[in-house]
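Below is one structure, written out as structure tokens; the observations come after it.
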Amino acid sequence: MEEQLLENGENSRWIITREWHTTYYEELKKLTRIAAPMVAVSVLQYLLQVVSVMMVGHLDQISLSSVAIATSITNVTGFSLLSGLVGGLETLCGQAFGAQQWQRVGTYTYSAIISLLLVCIPISILWLFMDKLLILMGQDPVISVEASKYSMWLIPALFGGAILRPIFRYLQIQSLILPMLLSAFVVLCLHISLCYLFIFHLGLGKSGAAIAFSFSIWTFVALLVSYIKRSSSCERTRTPLIKDAFLAIGQFFRYATPSALMVCLTISALHFSIPFGLGAGASTRVSNELGSGNPQKALVAVRVAMFLAVAETVVVSTVTFLCRGILGKAYSNDQQVVDYVAAITPFLCLSIITDSLQAVISGIARGSGWQIIGAYVNLGAFYLVGIPVSAILCFLIHLRAKGLWIGLLVGSAIQATTLSFILGFIDWQKQAIKAKKRISERRSSEENE
């Protein structure tokens with residue numbers, strides 16, 4: 001009898017172990033099918049800016065400096081802001097899709113596009129006066145004027161991005177990644193050709209790079225809109241523009257604003273495209289499962305995403321450190337620039353680790369709808385700790401750029417640690433209930449109207 005019980009116990013443990021492996025393996029496949037191509041899409045899209053900076057960098061030092069400054073500022077005040085704001089769409093569309101509320105997916109997408117287009121108006125005005133802003137900040141007047149000229153040519157790209165980013169999320173939450181990947185590849189090839197043509201053959205210089213970037217963004221929009229109109233895969237969620245899209249703008253901003261705070265404070269370099277893609281995949285899987293009322297599957301998705309994030313940081317940070325001596329050569333022929341890039345690469349490697357963790361956790365937050373917590377964490381980590389430390393190290397201890405980076409790295413480390421701690425205490429059953437309530441409230445409001 002005892003032998004039979006022992007045998008049954010061993011069989012039960014074997015079955016449980018097999019089921020555990022099967023569950024996580026299946027989730028790994030689902031997440032990878034979304035995250036891997038999204039990583040590729042993010043990298044290809046980011047390469048549009050990288051190509052522009054690299055080609056301009058081989059003109060002269062002033063062109064490289066002005067374009068680098070303009071790119072950084074337009075990213076923080078514009079493109080990254082749009083990426084952050086559209087995070088609210090991942091919560092609303094992802095959970096609506098999981099609950100099979102197909103029409104709402106299209107309605108929420110329209111709301112996001114309208115909202116982001118409105119946000120672009122004050123941003124574009126800011127860009128028009130960027131030279132005055134940079135001079136007030138103590139930047140060289142010549143570089144400030146050149147950076148402002150470059151930024152003005154990026155304004156069309158800003159409005160194109162306001163349409164492109166919601167379309168990305170619309171396709172992402174439906175796991176329609178292939179059309180984005182193919183379009184991104186076509187657009188990158190086009191952009192490389194246009195940059196070379198405008199900068200070197202037509203003699204437009206750095207302005208040619210900005211014009212090529214704007215043209216490429218709108219080409220991207222045209223390709224994806226064409227796909228959505230013609231594809232049967234979008235038939236269920238493809239809706240006309242109706243008044244509900246305008247009525248949902250307030251709901252969109254409730255989730256969009258904290259999402260923007262989460263993203264804008266931690267955008268860094270080309271590498272961010274990789275964990276951002278993982279975060280996008282995690283957001284899709286978590287939001288779909290919560291919308292479907294499956295909290296346990298959502299938890300499995302979270303665990304698999306975090307495992308991939310840790311593995312990615314180890315590989316990328318190691319490779320980046322080993323290649324520190326040649327990274328700067330891609331952007332400039334100036335040996336001083338190359339040497340300085342090599343000197344600050346160790347800080348970049350540490351940033352890769354913290355940014356990877358926060359990017360994936362931010363994706364999970366957007367998928368489950370608790371990004372307001374992440375926003376508070378980000379504000380505390382950077383404004384109460386990171387920025388003061390940066391100021392002290394940069395201006396009082398005179399470490400200059402290294403001091404700024406160390407301060408931001410401290411803030412990023414606090415952010416990643418705190419978000420990881422919060423993630424460990426999330427009750428996924430309650431998150432599923434909140435998702436169901438969120439969808440029910442929207443349905444009730446539509447019925448009352």
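Identifiers in the structure tokens: chain A, B, ... in order shown; residue index from 1 per chain; ligand index from 1 in order shown.
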
Close residues, Gln431 of chain A itself excluded, 12 Å, only C-alpha atoms, min 4 positions apart in chain, as a PDB file with C-alpha atoms, in the first residue's frame:
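This went into out05.pdb:
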ATOM      1  CA  THR A  91      -4.337  49.188 -21.448  1.00  0.00           C
ATOM      2  CA  GLN A  95      -8.048  44.529 -22.429  1.00  0.00           C
ATOM      3  CA  VAL A 286      -0.901  40.590 -19.947  1.00  0.00           C
ATOM      4  CA  SER A 287      -3.690  42.875 -21.171  1.00  0.00           C
ATOM      5  CA  GLU A 289      -5.219  37.605 -20.528  1.00  0.00           C
ATOM      6  CA  LEU A 290      -6.576  40.047 -17.940  1.00  0.00           C
ATOM      7  CA  GLY A 291      -9.296  41.115 -20.376  1.00  0.00           C
ATOM      8  CA  SER A 292     -10.142  37.438 -20.879  1.00  0.00           C
ATOM      9  CA  GLY A 293     -10.312  36.900 -17.112  1.00  0.00           C
ATOM     10  CA  ASN A 294      -7.204  34.692 -16.846  1.00  0.00           C
ATOM     11  CA  PRO A 295      -5.018  36.128 -14.038  1.00  0.00           C
ATOM     12  CA  GLN A 296      -2.838  33.007 -13.730  1.00  0.00           C
ATOM     13  CA  ALA A 298      -1.135  36.824 -17.002  1.00  0.00           C
ATOM     14  CA  LEU A 299       1.252  35.961 -14.142  1.00  0.00           C
ATOM     15  CA  ILE A 364       3.517  45.012 -17.822  1.00  0.00           C
ATOM     16  CA  ALA A 365       2.146  48.093 -16.031  1.00  0.00           C
ATOM     17  CA  ARG A 366       0.574  49.413 -19.239  1.00  0.00           C
ATOM     18  CA  GLY A 367      -0.991  46.043 -19.937  1.00  0.00           C
ATOM     19  CA  SER A 368      -2.555  45.781 -16.481  1.00  0.00           C
ATOM     20  CA  GLY A 369      -3.432  49.464 -16.022  1.00  0.00           C
ATOM     21  CA  TRP A 370      -1.336  50.410 -12.936  1.00  0.00           C
ATOM     22  CA  LEU A 423       5.630  43.886  -9.248  1.00  0.00           C
ATOM     23  CA  PHE A 425       3.356  42.103  -4.640  1.00  0.00           C
ATOM     24  CA  ILE A 426       0.770  42.573  -7.398  1.00  0.00           C
ATOM     25  CA  ASP A 427      -2.454  40.595  -6.849  1.00  0.00           C
ATOM     26  CA  ALA A 435      -9.965  44.951 -16.018  1.00  0.00           C
ATOM     27  CA  LYS A 436     -13.440  43.441 -16.138  1.00  0.00           C
ATOM     28  CA  LYS A 437     -14.861  46.402 -14.205  1.00  0.00           C
ATOM     29  CA  ARG A 438     -13.106  48.850 -16.535  1.00  0.00           C
TER      30      ARG A 438
END

Dump as a tab-separated table the rows for residues of segment 66-149 of chain A within 12 Å of segment 199-216 of chain A: closest atom pair and distance in Å with one decimal, only C-alpha atoms counted, ordered by chain and rising residue number.
residue	atom	partner	partner_atom	distance
A:Ser66	CA	A:Lys206	CA	9.0
A:Val67	CA	A:Lys206	CA	7.3
A:Ala68	CA	A:Lys206	CA	10.8
A:Ala70	CA	A:Ala210	CA	10.3
A:Thr71	CA	A:Ala210	CA	9.8
A:Thr74	CA	A:Ala210	CA	11.6
A:Glu146	CA	A:Lys206	CA	8.9
A:Ala147	CA	A:Lys206	CA	9.5
A:Ser148	CA	A:Ser207	CA	10.5
A:Lys149	CA	A:Ser207	CA	7.3

Output of the above residues as an mmCIF file, in the first residue's frame, restricted to N, CA, C and O atoms:
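Final output, saved to selection_13.cif:
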data_model
loop_
_atom_site.group_PDB
_atom_site.id
_atom_site.type_symbol
_atom_site.label_atom_id
_atom_site.label_comp_id
_atom_site.auth_asym_id
_atom_site.auth_seq_id
_atom_site.Cartn_x
_atom_site.Cartn_y
_atom_site.Cartn_z
ATOM 1 N N SER A 66 25.045 69.834 -33.493
ATOM 2 C CA SER A 66 23.709 70.423 -33.569
ATOM 3 C C SER A 66 22.633 69.366 -33.781
ATOM 4 O O SER A 66 21.565 69.412 -33.160
ATOM 5 N N VAL A 67 22.916 68.388 -34.641
ATOM 6 C CA VAL A 67 21.934 67.326 -34.895
ATOM 7 C C VAL A 67 21.776 66.426 -33.672
ATOM 8 O O VAL A 67 20.663 65.997 -33.344
ATOM 9 N N ALA A 68 22.887 66.151 -32.987
ATOM 10 C CA ALA A 68 22.809 65.325 -31.772
ATOM 11 C C ALA A 68 21.956 66.001 -30.703
ATOM 12 O O ALA A 68 21.114 65.360 -30.061
ATOM 13 N N ALA A 70 19.670 68.404 -31.216
ATOM 14 C CA ALA A 70 18.294 68.486 -31.710
ATOM 15 C C ALA A 70 17.583 67.141 -31.588
ATOM 16 O O ALA A 70 16.406 67.076 -31.201
ATOM 17 N N THR A 71 18.293 66.066 -31.909
ATOM 18 C CA THR A 71 17.701 64.734 -31.808
ATOM 19 C C THR A 71 17.338 64.403 -30.369
ATOM 20 O O THR A 71 16.253 63.867 -30.097
ATOM 21 N N THR A 74 14.290 66.750 -29.313
ATOM 22 C CA THR A 74 13.039 66.376 -29.985
ATOM 23 C C THR A 74 12.544 65.005 -29.528
ATOM 24 O O THR A 74 11.345 64.756 -29.506
ATOM 25 N N GLU A 146 21.611 76.117 -35.493
ATOM 26 C CA GLU A 146 21.619 74.975 -36.411
ATOM 27 C C GLU A 146 20.707 73.852 -35.911
ATOM 28 O O GLU A 146 20.029 73.199 -36.692
ATOM 29 N N ALA A 147 20.693 73.637 -34.600
ATOM 30 C CA ALA A 147 19.806 72.621 -34.018
ATOM 31 C C ALA A 147 18.343 72.992 -34.223
ATOM 32 O O ALA A 147 17.496 72.135 -34.491
ATOM 33 N N SER A 148 18.036 74.301 -34.114
ATOM 34 C CA SER A 148 16.667 74.763 -34.319
ATOM 35 C C SER A 148 16.213 74.546 -35.761
ATOM 36 O O SER A 148 15.072 74.135 -36.011
ATOM 37 N N LYS A 149 17.109 74.798 -36.714
ATOM 38 C CA LYS A 149 16.780 74.579 -38.126
ATOM 39 C C LYS A 149 16.471 73.104 -38.391
ATOM 40 O O LYS A 149 15.522 72.766 -39.115
#

*Provide the atom CA of Ile34 of chain A to atom CA of Val315 of chain A distance in Å, to one decimal place.*
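If I compute the distance from atom CA of Ile34 of chain A to atom CA of Val315 of chain A, I get 20.4 Å.
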
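Distances here use only C-alpha atoms; by that measure, the residue among A:Ile361, A:Ile192, A:Cys234, A:Leu308 closest to Glu27 of chain A is A:Leu308.
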
*Near segment 153-170 of chain A, within 7 Å and counting only C-alpha atoms, which residues show up once chain neighbours fewer than 5 positions away are dropped, as a PyMOL selection string?*
chain A and resi 78-79+82-83+86+89-90+109+112-113+116-117+120+124+207+210-211+213-214+217-218+221

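The shell of residues at most 12 Å from Asp140 of chain A, with only C-alpha atoms counted and near chain neighbours (fewer than 5 positions) removed, consists of Ile62, Ser65, Ser66, Ile69, Asp131, Lys132, Leu133, Leu134, Ile135, Val145, Glu146 and Ala147 of chain A.
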
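Taking atom CA of Tyr376 of chain A as the reference point, atom CA of Gly363 of chain A is found at 15.8 Å.
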
*Which residue out of A:Gly424, A:Gly94, A:Gly403, A:Gly374 has the minimum interatomic distance to Val302 of chain A when only C-alpha atoms are used?*
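Nearest candidate to Val302 of chain A out of A:Gly424, A:Gly94, A:Gly403, A:Gly374: A:Gly424.
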